[in-house]
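Student: One file is attached below, upload_33.cif, containing mmCIF, C-alpha atoms and all ligand atoms.
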data_coords
#
loop_
_atom_site.label_atom_id
_atom_site.label_comp_id
_atom_site.auth_asym_id
_atom_site.auth_seq_id
_atom_site.Cartn_x
_atom_site.Cartn_y
_atom_site.Cartn_z
CA MET Z 1396 0.00 0.00 0.00
CA ARG Z 1397 1.45 3.37 -1.03
CA HIS Z 1398 0.81 6.44 1.14
CA PHE Z 1399 1.73 10.10 0.72
CA LEU Z 1400 2.94 11.38 4.07
CA LYS Z 1401 6.08 13.24 2.98
CA GLU Z 1402 7.77 14.62 -0.15
CA THR Z 1403 9.99 11.56 -0.53
CA ASP Z 1404 7.00 9.19 -0.73
CA LEU Z 1405 6.89 9.99 -4.46
CA SER Z 1406 9.80 8.86 -6.63
CA LEU Z 1407 11.36 11.58 -8.78
CA ASP Z 1408 9.76 9.93 -11.79
CA GLU Z 1409 6.37 10.14 -10.08
CA VAL Z 1410 6.99 13.82 -9.30
CA SER Z 1411 7.38 14.43 -13.05
CA GLN Z 1412 4.16 12.47 -13.64
CA VAL Z 1413 2.35 14.60 -11.05
CA PHE Z 1414 3.46 17.83 -12.76
CA ALA Z 1415 2.43 16.59 -16.22
CA LEU Z 1416 -0.92 15.30 -15.01
CA ALA Z 1417 -1.62 18.46 -13.00
CA ALA Z 1418 -1.01 20.53 -16.15
CA ASP Z 1419 -3.39 18.29 -18.10
CA LEU Z 1420 -6.08 18.30 -15.40
CA LYS Z 1421 -5.83 22.09 -15.21
CA ALA Z 1422 -6.11 22.55 -18.97
CA ASN Z 1423 -8.97 20.08 -19.33
CA ARG Z 1424 -10.82 20.52 -16.06
CA ALA Z 1425 -14.30 20.62 -17.59
CA ASN Z 1426 -13.93 17.53 -19.77
CA SER Z 1427 -11.23 15.35 -18.21
CA ALA Z 1428 -11.72 11.59 -18.50
CA CYS Z 1429 -9.36 11.00 -15.56
CA LYS Z 1430 -11.62 9.31 -12.99
CA PRO Z 1431 -9.38 6.97 -10.98
CA LEU Z 1432 -11.55 7.26 -7.86
CA SER Z 1433 -14.77 6.11 -9.59
CA GLY Z 1434 -16.97 4.25 -7.15
CA GLU Z 1435 -14.70 5.12 -4.21
CA SER Z 1436 -15.42 7.02 -0.99
CA TRP Z 1437 -12.55 9.07 0.49
CA GLY Z 1438 -12.54 10.43 4.03
CA LEU Z 1439 -11.24 13.94 4.66
CA LEU Z 1440 -10.36 13.95 8.36
CA PHE Z 1441 -9.45 17.34 9.85
CA PHE Z 1442 -8.13 18.02 13.36
CA LYS Z 1443 -7.30 21.64 12.45
CA LYS Z 1444 -8.87 24.53 10.59
CA SER Z 1445 -8.57 24.76 6.81
CA THR Z 1446 -9.96 26.68 3.85
CA ARG Z 1447 -7.84 25.73 0.81
CA THR Z 1448 -7.02 22.13 1.69
CA ARG Z 1449 -10.52 21.20 2.80
CA VAL Z 1450 -12.28 22.65 -0.24
CA SER Z 1451 -9.71 21.65 -2.85
CA PHE Z 1452 -9.67 18.02 -1.67
CA GLN Z 1453 -13.46 17.87 -1.47
CA VAL Z 1454 -13.81 19.22 -5.00
CA GLY Z 1455 -10.82 17.20 -6.21
CA VAL Z 1456 -12.07 13.81 -4.98
CA HIS Z 1457 -15.44 14.57 -6.60
CA GLU Z 1458 -13.84 15.56 -9.91
CA LEU Z 1459 -11.81 12.31 -9.95
CA GLY Z 1460 -15.08 10.35 -9.78
CA GLY Z 1461 -15.02 9.69 -6.02
CA HIS Z 1462 -17.25 10.64 -3.14
CA PRO Z 1463 -15.66 12.85 -0.45
CA VAL Z 1464 -16.74 12.17 3.15
CA MET Z 1465 -16.02 15.19 5.36
CA LEU Z 1466 -14.89 14.15 8.85
CA ASN Z 1467 -14.36 16.75 11.54
CA ALA Z 1468 -12.28 15.10 14.27
CA GLU Z 1469 -14.12 17.13 16.91
CA ASP Z 1470 -17.38 15.37 15.97
CA MET Z 1471 -15.93 11.87 16.09
CA GLN Z 1472 -15.38 9.42 18.94
CA LEU Z 1473 -11.68 10.29 18.58
CA ALA Z 1474 -12.52 13.45 20.53
CA ARG Z 1475 -13.88 11.25 23.35
CA GLY Z 1476 -10.85 9.00 23.56
CA GLU Z 1477 -11.28 6.34 20.86
CA THR Z 1478 -7.76 5.50 19.75
CA PRO Z 1479 -6.35 6.47 16.34
CA GLU Z 1480 -5.51 2.75 15.87
CA ASP Z 1481 -9.14 1.65 16.24
CA THR Z 1482 -10.38 4.61 14.21
CA ALA Z 1483 -7.99 3.68 11.37
CA LYS Z 1484 -9.22 0.07 11.41
CA VAL Z 1485 -12.88 1.10 11.42
CA LEU Z 1486 -12.55 3.73 8.69
CA SER Z 1487 -10.70 1.18 6.52
CA ARG Z 1488 -13.90 -0.92 6.50
CA TYR Z 1489 -15.89 1.92 4.89
CA LEU Z 1490 -13.51 4.10 2.93
CA HIS Z 1491 -11.08 3.63 0.02
CA GLY Z 1492 -8.63 6.26 1.24
CA VAL Z 1493 -8.23 9.00 3.81
CA VAL Z 1494 -6.77 12.51 3.70
CA ILE Z 1495 -5.74 13.73 7.17
CA ARG Z 1496 -4.79 17.12 8.67
CA CYS Z 1497 -3.47 16.63 12.19
CA HIS Z 1498 -1.09 17.79 14.89
CA GLU Z 1499 1.49 15.01 15.52
CA HIS Z 1500 2.91 13.55 12.31
CA SER Z 1501 2.95 10.14 14.04
CA LEU Z 1502 -0.85 10.01 13.78
CA LEU Z 1503 -0.51 9.75 9.99
CA GLU Z 1504 1.97 6.90 10.43
CA THR Z 1505 -0.41 5.13 12.82
CA PHE Z 1506 -3.23 5.36 10.26
CA ALA Z 1507 -0.91 4.05 7.55
CA GLN Z 1508 0.24 1.13 9.74
CA LYS Z 1509 -3.04 0.14 11.35
CA GLY Z 1510 -5.44 0.87 8.51
CA THR Z 1511 -5.61 -0.86 5.13
CA ILE Z 1512 -6.28 2.17 2.91
CA PRO Z 1513 -3.98 4.86 1.46
CA VAL Z 1514 -3.29 7.84 3.73
CA VAL Z 1515 -2.54 11.35 2.41
CA ASN Z 1516 -0.97 14.09 4.55
CA ALA Z 1517 -3.04 17.29 4.37
CA LEU Z 1518 -0.63 19.00 6.85
CA SER Z 1519 0.89 17.85 10.09
CA ASP Z 1520 2.96 19.82 12.58
CA PHE Z 1521 5.99 18.39 10.76
CA LEU Z 1522 5.30 18.57 7.00
CA HIS Z 1523 2.87 19.88 4.35
CA PRO Z 1524 3.83 17.92 1.23
CA CYS Z 1525 0.67 18.65 -0.82
CA GLN Z 1526 1.49 22.34 -0.48
CA PHE Z 1527 5.12 21.75 -1.46
CA TYR Z 1528 4.38 19.94 -4.73
CA THR Z 1529 1.68 22.49 -5.54
CA ASP Z 1530 4.20 25.28 -5.07
CA MET Z 1531 6.77 23.50 -7.25
CA PHE Z 1532 4.14 22.93 -9.94
CA THR Z 1533 3.25 26.64 -9.76
CA LEU Z 1534 6.90 27.60 -10.30
CA ALA Z 1535 7.37 24.98 -13.00
CA GLU Z 1536 4.41 26.40 -14.93
CA ARG Z 1537 6.36 29.65 -15.17
CA TRP Z 1538 9.91 28.42 -15.51
CA SER Z 1539 9.30 25.61 -18.01
CA GLY Z 1540 7.94 28.05 -20.59
CA GLY Z 1541 4.94 25.75 -21.05
CA ASP Z 1542 7.05 22.68 -21.89
CA VAL Z 1543 5.62 19.94 -19.65
CA GLY Z 1544 8.69 17.76 -20.27
CA LYS Z 1545 10.87 20.41 -18.58
CA MET Z 1546 8.72 20.94 -15.50
CA ALA Z 1547 10.89 18.93 -13.12
CA SER Z 1548 14.27 19.84 -14.65
CA CYS Z 1549 13.59 23.61 -14.72
CA LEU Z 1550 13.50 23.61 -10.90
CA ARG Z 1551 16.97 22.14 -10.42
CA GLY Z 1552 19.63 24.57 -9.18
CA ARG Z 1553 17.18 27.41 -8.49
CA LYS Z 1554 17.72 29.38 -5.29
CA ILE Z 1555 14.79 29.43 -2.87
CA ALA Z 1556 14.80 31.63 0.24
CA PHE Z 1557 12.36 30.66 2.99
CA VAL Z 1558 12.14 33.60 5.41
CA GLY Z 1559 10.35 33.53 8.76
CA ASP Z 1560 9.36 30.58 10.91
CA THR Z 1561 11.92 28.18 9.54
CA ALA Z 1562 11.20 25.55 12.19
CA CYS Z 1563 7.52 25.14 11.25
CA ASN Z 1564 5.93 22.54 8.97
CA MET Z 1565 6.44 24.70 5.87
CA GLY Z 1566 10.12 25.29 6.67
CA ASN Z 1567 10.66 21.55 7.13
CA THR Z 1568 8.74 20.75 3.98
CA PHE Z 1569 10.83 23.17 1.93
CA ALA Z 1570 14.11 21.88 3.37
CA LEU Z 1571 13.21 18.27 2.61
CA GLY Z 1572 11.46 18.85 -0.71
CA CYS Z 1573 13.94 21.29 -2.23
CA ALA Z 1574 16.93 19.10 -1.30
CA TYR Z 1575 15.10 16.10 -2.81
CA LEU Z 1576 14.49 17.98 -6.10
CA GLY Z 1577 18.06 19.35 -6.28
CA MET Z 1578 17.24 22.98 -5.51
CA GLU Z 1579 19.24 25.41 -3.38
CA ILE Z 1580 17.27 26.20 -0.23
CA VAL Z 1581 18.23 28.83 2.32
CA LEU Z 1582 16.20 28.89 5.52
CA CYS Z 1583 16.25 32.26 7.26
CA GLY Z 1584 14.86 32.98 10.70
CA PRO Z 1585 15.87 34.24 14.13
CA ALA Z 1586 18.29 32.31 16.32
CA GLY Z 1587 16.39 29.56 18.08
CA TYR Z 1588 14.43 28.63 14.93
CA GLU Z 1589 17.16 26.51 13.35
CA PRO Z 1590 16.05 23.24 11.73
CA GLN Z 1591 15.15 20.68 14.38
CA LYS Z 1592 16.41 17.17 15.10
CA ALA Z 1593 13.32 15.53 13.57
CA LEU Z 1594 14.16 17.07 10.18
CA TYR Z 1595 17.70 15.69 10.21
CA GLU Z 1596 16.29 12.30 11.22
CA GLN Z 1597 13.93 12.41 8.24
CA PHE Z 1598 16.82 13.10 5.86
CA ALA Z 1599 18.75 10.19 7.38
CA ALA Z 1600 15.71 7.87 7.15
CA ASP Z 1601 15.27 8.80 3.46
CA GLY Z 1602 18.99 8.43 2.78
CA ILE Z 1603 19.35 11.92 1.30
CA GLU Z 1604 21.93 14.55 2.10
CA PRO Z 1605 20.61 17.41 4.29
CA LYS Z 1606 21.54 20.00 1.67
CA PHE Z 1607 20.09 23.22 3.04
CA SER Z 1608 21.56 26.19 4.83
CA PHE Z 1609 20.33 28.34 7.70
CA THR Z 1610 21.03 32.01 8.29
CA THR Z 1611 19.67 34.68 10.62
CA ASP Z 1612 20.37 37.36 7.97
CA PRO Z 1613 17.34 38.00 5.69
CA GLU Z 1614 19.32 40.16 3.25
CA ALA Z 1615 21.90 37.42 2.71
CA ALA Z 1616 19.10 34.88 2.19
CA ALA Z 1617 17.21 37.05 -0.30
CA LYS Z 1618 20.23 38.01 -2.39
CA GLY Z 1619 19.97 36.43 -5.85
CA ALA Z 1620 16.96 34.28 -4.92
CA ASP Z 1621 14.66 33.00 -7.66
CA MET Z 1622 11.78 32.89 -5.22
CA ILE Z 1623 11.14 34.14 -1.68
CA TYR Z 1624 8.66 32.20 0.44
CA THR Z 1625 7.15 32.92 3.79
CA ASP Z 1626 4.50 31.53 6.12
CA VAL Z 1627 2.71 32.76 9.23
CA TRP Z 1628 4.79 33.38 12.33
CA VAL Z 1629 2.21 31.68 14.54
CA SER Z 1630 1.20 28.30 13.14
CA MET Z 1631 -1.94 26.46 14.20
CA GLY Z 1632 -1.41 25.07 17.68
CA MET Z 1633 1.19 27.72 18.66
CA GLU Z 1634 -1.24 30.45 19.66
CA GLU Z 1635 0.10 30.55 23.22
CA GLU Z 1636 3.51 31.65 21.88
CA LYS Z 1637 2.01 34.50 19.84
CA ALA Z 1638 3.31 37.50 21.85
CA ARG Z 1639 6.85 36.10 22.04
CA ARG Z 1640 6.91 35.12 18.38
CA LEU Z 1641 5.70 38.50 17.12
CA LYS Z 1642 8.63 40.05 18.96
CA GLU Z 1643 11.23 37.48 17.86
CA PHE Z 1644 10.26 37.56 14.18
CA ARG Z 1645 10.33 41.34 13.92
CA GLY Z 1646 12.80 42.13 11.14
CA TYR Z 1647 11.88 39.00 9.17
CA GLN Z 1648 8.98 40.47 7.19
CA VAL Z 1649 9.14 39.93 3.44
CA ASP Z 1650 8.76 43.51 2.22
CA GLU Z 1651 9.62 45.51 -0.88
CA HIS Z 1652 13.24 46.02 0.24
CA LEU Z 1653 13.82 42.27 0.70
CA MET Z 1654 12.21 41.49 -2.68
CA SER Z 1655 14.50 44.08 -4.32
CA LEU Z 1656 17.54 41.99 -3.29
CA ALA Z 1657 16.26 38.88 -5.09
CA LYS Z 1658 16.59 38.38 -8.85
CA PRO Z 1659 14.56 41.01 -10.77
CA ASP Z 1660 12.17 38.32 -12.04
CA ALA Z 1661 11.89 36.51 -8.67
CA PHE Z 1662 8.51 35.39 -7.40
CA PHE Z 1663 6.96 35.84 -3.99
CA MET Z 1664 5.04 32.87 -2.59
CA HIS Z 1665 3.02 32.12 0.54
CA CYS Z 1666 0.95 29.05 1.34
CA LEU Z 1667 -1.76 31.32 2.85
CA PRO Z 1668 -3.54 32.30 5.01
CA ALA Z 1669 -1.41 35.48 5.23
CA HIS Z 1670 -1.13 37.83 8.18
CA ILE Z 1671 -0.54 41.08 6.33
CA GLY Z 1672 1.84 43.40 8.16
CA GLU Z 1673 3.46 40.50 10.02
CA GLU Z 1674 5.34 38.03 7.81
CA VAL Z 1675 4.57 39.93 4.58
CA SER Z 1676 3.82 43.53 3.62
CA ALA Z 1677 0.58 44.33 1.79
CA GLY Z 1678 2.58 45.66 -1.15
CA VAL Z 1679 4.48 42.39 -1.67
CA LEU Z 1680 1.47 40.12 -1.13
CA ASN Z 1681 -0.58 42.02 -3.70
CA GLY Z 1682 2.34 43.12 -5.89
CA PRO Z 1683 3.40 42.02 -9.37
CA GLN Z 1684 5.86 39.36 -8.14
CA SER Z 1685 3.28 37.59 -6.00
CA ILE Z 1686 1.78 34.34 -7.33
CA VAL Z 1687 -0.05 33.35 -4.15
CA PHE Z 1688 -3.47 32.93 -5.73
CA ASP Z 1689 -2.06 30.73 -8.50
CA GLN Z 1690 -0.66 28.59 -5.69
CA ALA Z 1691 -4.07 28.45 -4.05
CA GLU Z 1692 -5.76 27.40 -7.32
CA ASN Z 1693 -3.09 24.84 -8.08
CA ARG Z 1694 -3.79 22.99 -4.83
CA LEU Z 1695 -6.79 21.53 -6.64
CA HIS Z 1696 -4.98 20.40 -9.80
CA THR Z 1697 -1.83 19.15 -8.06
CA GLN Z 1698 -3.64 17.20 -5.35
CA LYS Z 1699 -5.86 15.55 -7.99
CA ALA Z 1700 -2.66 14.53 -9.80
CA ILE Z 1701 -1.13 13.16 -6.58
CA LEU Z 1702 -4.28 11.11 -5.87
CA ALA Z 1703 -4.28 9.78 -9.43
CA VAL Z 1704 -0.59 8.80 -9.38
CA LEU Z 1705 -1.08 7.15 -5.98
CA ALA Z 1706 -4.16 5.28 -7.25
CA ALA Z 1707 -2.20 3.99 -10.26
CA ALA Z 1708 0.66 2.86 -7.99
CA ASN Z 1709 -1.74 1.08 -5.65
CA LYS Z 1710 -3.43 -0.79 -8.51
CA ARG Z 1711 -0.13 -2.22 -9.74
N1 LIG Z 1801 -2.29 26.54 2.65
C1 LIG Z 1801 -3.21 25.80 3.32
O1 LIG Z 1801 -3.01 24.63 3.62
O2 LIG Z 1801 -4.37 26.47 3.57
P1 LIG Z 1801 -5.54 25.99 4.52
O3 LIG Z 1801 -5.03 25.97 5.92
O4 LIG Z 1801 -6.62 27.00 4.32
O5 LIG Z 1801 -5.98 24.61 4.09
N1 LIG Z 1802 2.46 26.78 9.16
C1 LIG Z 1802 1.05 26.99 8.96
C2 LIG Z 1802 0.64 26.50 7.60
C3 LIG Z 1802 -0.82 26.75 7.28
C4 LIG Z 1802 -1.17 26.25 5.92
C5 LIG Z 1802 0.29 26.28 10.06
O1 LIG Z 1802 0.62 25.12 10.35
O2 LIG Z 1802 -0.64 26.88 10.63
#
Would you mind writing the structure in this file as structure tokens?
Ligand code: CP
Ligand code: NVA

Tutor:
Amino acid sequence: MRHFLKETDLSLDEVSQVFALAADLKANRANSACKPLSGESWGLLFFKKSTRTRVSFQVGVHELGGHPVMLNAEDMQLARGETPEDTAKVLSRYLHGVVIRCHEHSLLETFAQKGTIPVVNALSDFLHPCQFYTDMFTLAERWSGGDVGKMASCLRGRKIAFVGDTACNMGNTFALGCAYLGMEIVLCGPAGYEPQKALYEQFAADGIEPKFSFTTDPEAAAKGADMIYTDVWVSMGMEEEKARRLKEFRGYQVDEHLMSLAKPDAFFMHCLPAHIGEEVSAGVLNGPQSIVFDQAENRLHTQKAILAVLAAANKR
């Protein structure tokens, strides 16, 4: 059984397939014959809030021929102490797959081990791989010049600067994903937000070199970047640290000055939701270099492609 819990759960060949299929699904959304989930019911189990992921997966499962079953963890017996192990076993008797947004990454692994259906990571405290491949597809659309065959190769060697909360799920995801795809990734945040042990352990488990760098200097990170990325300073579940974080991250806002240090044709990206005036200025978020709403749209096309590639792998 193949799952998608982290960037490295797709082979590099499958990543190319995802990009090509996402481009096709986007171009032919109204009349696509790609229906790999026909006759299937997929659970969408959320322990955290969501706008983009929830809606794009619900629409995406439907468009692939499947039936999405929305599951709010708060409304389930999980919230009254039923174990994830038993929940995974029970849901496997009804569903053909499950997409999960949760706190501890280990919950995804428990579902994958104890259940008998494919599990897809819709964000954990550790990684957000659906967002990562969507973001890479969004860049590849631009950098490949429309040549689908070049979508994966046009990413290699590009310099990505991730500025802000480098120790959060998006920082981890970019470190792992960019290194996997052969991109240069510079993580930039205040001291104390260096990449954590769990990230190094993931690299070791995947047998790939931890090729990323960390700096506390935003100007050095931005210099010559092909794309600057940021994410909220207070991720879901960290609300108690808000006051401290707002102070510590001061000076790490992606603003017009920081963008001016990147390449002239560099893009600005953000997984959204944005907190304007904190991690990003209004001018950058809504400016000509920002492609944040393309990212948001591409969640739909890329996730459909991931589900289709996973379905094909699981039928083999
Ligand atoms: N980027 C993202 O995952 O958005 P949501 O939290 O709205 O799903
Ligand atoms: N780091 C953010 C990402 C939201 C999509 C969070 O976990 O809240």

Student: Would you work out the distance separating atom CA of Thr1697 of chain Z from atom CA of Thr1448 of chain Z, expressed in Å to one decimal?

Tutor: 11.4 Å

Student: How many Å lie between atom CA of Ala1428 of chain Z and atom CA of Gly1460 of chain Z, rounded to one decimal?

Tutor: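 That distance, rounded to one decimal, is 9.4 Å.
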
Student: Rounded to one decimal place, report the atom CA of Asp1530 of chain Z-atom CA of Val1410 of chain Z distance in Å.

Tutor: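 Separating atom CA of Asp1530 of chain Z from atom CA of Val1410 of chain Z is a distance of 12.5 Å.
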
Student: May I ask you to write as a VMD selection string all residues lying at most 8 Å from ligand LIG 1802 (chain Z), with all atoms listed in the file counted?

Tutor: chain Z and resid 1445 1518 to 1520 1523 1526 1563 to 1565 1626 to 1632 1666 to 1668

Student: Which of these residues is nearest to Asp1404 of chain Z, using all atoms listed in the file: Z:Thr1446, Z:Asn1516, Z:Ser1501, Z:Ser1433?

Tutor: Z:Asn1516

Student: Rank nothing, just name the residue among Z:Lys1699, Z:His1462, Z:Lys1421, Z:Arg1694 nearest to ligand LIG 1801 (chain Z), using only C-alpha atoms and all ligand atoms.

Tutor: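 Using only C-alpha atoms and all ligand atoms, ligand LIG 1801 (chain Z) sits closest to Z:Arg1694.
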
Student: From the list Z:Leu1582, Z:Ala1615, Z:Ala1418, Z:Leu1502, which residue is nearest Asp1560 of chain Z when using all atoms listed in the file?

Tutor: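 Of Z:Leu1582, Z:Ala1615, Z:Ala1418, Z:Leu1502, the one nearest Asp1560 of chain Z, counting all atoms listed in the file, is Z:Leu1582.
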
Student: Counting only C-alpha atoms, what is within 12 Å of segment 1504-1507 of chain Z, bar same-chain residues fewer than 3 positions away, as a PyMOL selection string?

Tutor: chain Z and resi 1396-1401+1440+1478-1487+1492-1497+1499-1501+1510-1516+1519

Student: Any chance you can output those residues with C-alpha atoms as a JSON list (two decimals), in the coordinates of the input?

Tutor:
[["chain", "number", "residue", "atom", "x", "y", "z"],
["Z", 1396, "MET", "CA", 0.00, 0.00, 0.00],
["Z", 1397, "ARG", "CA", 1.45, 3.37, -1.03],
["Z", 1398, "HIS", "CA", 0.81, 6.44, 1.14],
["Z", 1399, "PHE", "CA", 1.73, 10.10, 0.72],
["Z", 1400, "LEU", "CA", 2.94, 11.38, 4.07],
["Z", 1401, "LYS", "CA", 6.08, 13.24, 2.98],
["Z", 1440, "LEU", "CA", -10.36, 13.95, 8.36],
["Z", 1478, "THR", "CA", -7.76, 5.50, 19.75],
["Z", 1479, "PRO", "CA", -6.35, 6.47, 16.34],
["Z", 1480, "GLU", "CA", -5.51, 2.75, 15.87],
["Z", 1481, "ASP", "CA", -9.14, 1.65, 16.24],
["Z", 1482, "THR", "CA", -10.38, 4.61, 14.21],
["Z", 1483, "ALA", "CA", -7.99, 3.68, 11.37],
["Z", 1484, "LYS", "CA", -9.22, 0.07, 11.41],
["Z", 1485, "VAL", "CA", -12.88, 1.10, 11.42],
["Z", 1486, "LEU", "CA", -12.55, 3.73, 8.69],
["Z", 1487, "SER", "CA", -10.70, 1.18, 6.52],
["Z", 1492, "GLY", "CA", -8.63, 6.26, 1.24],
["Z", 1493, "VAL", "CA", -8.23, 9.00, 3.81],
["Z", 1494, "VAL", "CA", -6.77, 12.51, 3.70],
["Z", 1495, "ILE", "CA", -5.74, 13.73, 7.17],
["Z", 1496, "ARG", "CA", -4.79, 17.12, 8.67],
["Z", 1497, "CYS", "CA", -3.47, 16.63, 12.19],
["Z", 1499, "GLU", "CA", 1.49, 15.01, 15.52],
["Z", 1500, "HIS", "CA", 2.91, 13.55, 12.31],
["Z", 1501, "SER", "CA", 2.95, 10.14, 14.04],
["Z", 1510, "GLY", "CA", -5.44, 0.87, 8.51],
["Z", 1511, "THR", "CA", -5.61, -0.86, 5.13],
["Z", 1512, "ILE", "CA", -6.28, 2.17, 2.91],
["Z", 1513, "PRO", "CA", -3.98, 4.86, 1.46],
["Z", 1514, "VAL", "CA", -3.29, 7.84, 3.73],
["Z", 1515, "VAL", "CA", -2.54, 11.35, 2.41],
["Z", 1516, "ASN", "CA", -0.97, 14.09, 4.55],
["Z", 1519, "SER", "CA", 0.89, 17.85, 10.09]]

Student: Using only the atoms of ligand LIG 1801 (chain Z) listed in the file, plus 5 Å on each side, state the axis-aligned box centre and edge lengths in Å rounded to one decimal, as AutoDock Vina command-line options.

Tutor:
--center_x -4.5 --center_y 25.8 --center_z 4.3 --size_x 14.3 --size_y 12.4 --size_z 13.3

Student: With only C-alpha atoms and all ligand atoms as the atoms that count, which of Z:Arg1537, Z:Lys1509, Z:Met1654, Z:Arg1449 lies nearest to ligand LIG 1801 (chain Z)?

Tutor: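 Under the stated criterion, the closest residue is Z:Arg1449.
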
Student: With distances taken over only C-alpha atoms, which residue among Z:Pro1683, Z:Gly1438, Z:Pro1613, Z:Pro1463 lies nearest Leu1653 of chain Z?

Tutor: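 Closest residue, counting only C-alpha atoms: Z:Pro1613.
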
Student: Write out as a JSON list (two decimals) with C-alpha atoms, in the frame of the given file each polymer residue whose atoms come within 8 Å of Phe1607 of chain Z, counting all atoms listed in the file; drop sequence neighbours fewer than 6 positions from it.

Tutor:
[["chain", "number", "residue", "atom", "x", "y", "z"],
["Z", 1570, "ALA", "CA", 14.11, 21.88, 3.37],
["Z", 1574, "ALA", "CA", 16.93, 19.10, -1.30],
["Z", 1579, "GLU", "CA", 19.24, 25.41, -3.38],
["Z", 1580, "ILE", "CA", 17.27, 26.20, -0.23],
["Z", 1581, "VAL", "CA", 18.23, 28.83, 2.32],
["Z", 1582, "LEU", "CA", 16.20, 28.89, 5.52]]

Student: Pick out the closest residue to ligand LIG 1801 (chain Z) from this set: Z:Arg1475, Z:Arg1551, Z:Lys1710, Z:His1665. Count only C-alpha atoms and all ligand atoms.

Tutor: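 Once distances to ligand LIG 1801 (chain Z) are computed over only C-alpha atoms and all ligand atoms, the minimum belongs to Z:His1665.
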
Student: N, CA and C atoms are needed for segment 1529-1540 of chain Z; please write them out as a tab-separated table (two decimals), in the coordinates of the input.

Tutor:
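Okay, result16.tsv is ready:
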chain	number	residue	atom	x	y	z
Z	1529	THR	N	2.47	21.44	-4.88
Z	1529	THR	CA	1.68	22.49	-5.54
Z	1529	THR	C	2.55	23.70	-5.84
Z	1530	ASP	N	3.35	24.10	-4.88
Z	1530	ASP	CA	4.20	25.28	-5.07
Z	1530	ASP	C	5.24	25.04	-6.16
Z	1531	MET	N	5.78	23.82	-6.20
Z	1531	MET	CA	6.77	23.50	-7.25
Z	1531	MET	C	6.11	23.45	-8.62
Z	1532	PHE	N	4.88	22.93	-8.67
Z	1532	PHE	CA	4.14	22.93	-9.94
Z	1532	PHE	C	3.89	24.38	-10.40
Z	1533	THR	N	3.55	25.24	-9.45
Z	1533	THR	CA	3.25	26.64	-9.76
Z	1533	THR	C	4.49	27.34	-10.33
Z	1534	LEU	N	5.65	27.04	-9.76
Z	1534	LEU	CA	6.90	27.60	-10.30
Z	1534	LEU	C	7.23	26.99	-11.66
Z	1535	ALA	N	7.03	25.68	-11.75
Z	1535	ALA	CA	7.37	24.98	-13.00
Z	1535	ALA	C	6.50	25.46	-14.16
Z	1536	GLU	N	5.28	25.83	-13.88
Z	1536	GLU	CA	4.41	26.40	-14.93
Z	1536	GLU	C	5.08	27.61	-15.55
Z	1537	ARG	N	5.72	28.41	-14.69
Z	1537	ARG	CA	6.36	29.65	-15.17
Z	1537	ARG	C	7.72	29.37	-15.80
Z	1538	TRP	N	8.52	28.57	-15.10
Z	1538	TRP	CA	9.91	28.42	-15.51
Z	1538	TRP	C	10.11	27.43	-16.67
Z	1539	SER	N	9.13	26.59	-16.93
Z	1539	SER	CA	9.30	25.61	-18.01
Z	1539	SER	C	8.92	26.22	-19.36
Z	1540	GLY	N	8.38	27.42	-19.34
Z	1540	GLY	CA	7.94	28.05	-20.59
Z	1540	GLY	C	6.85	27.23	-21.27
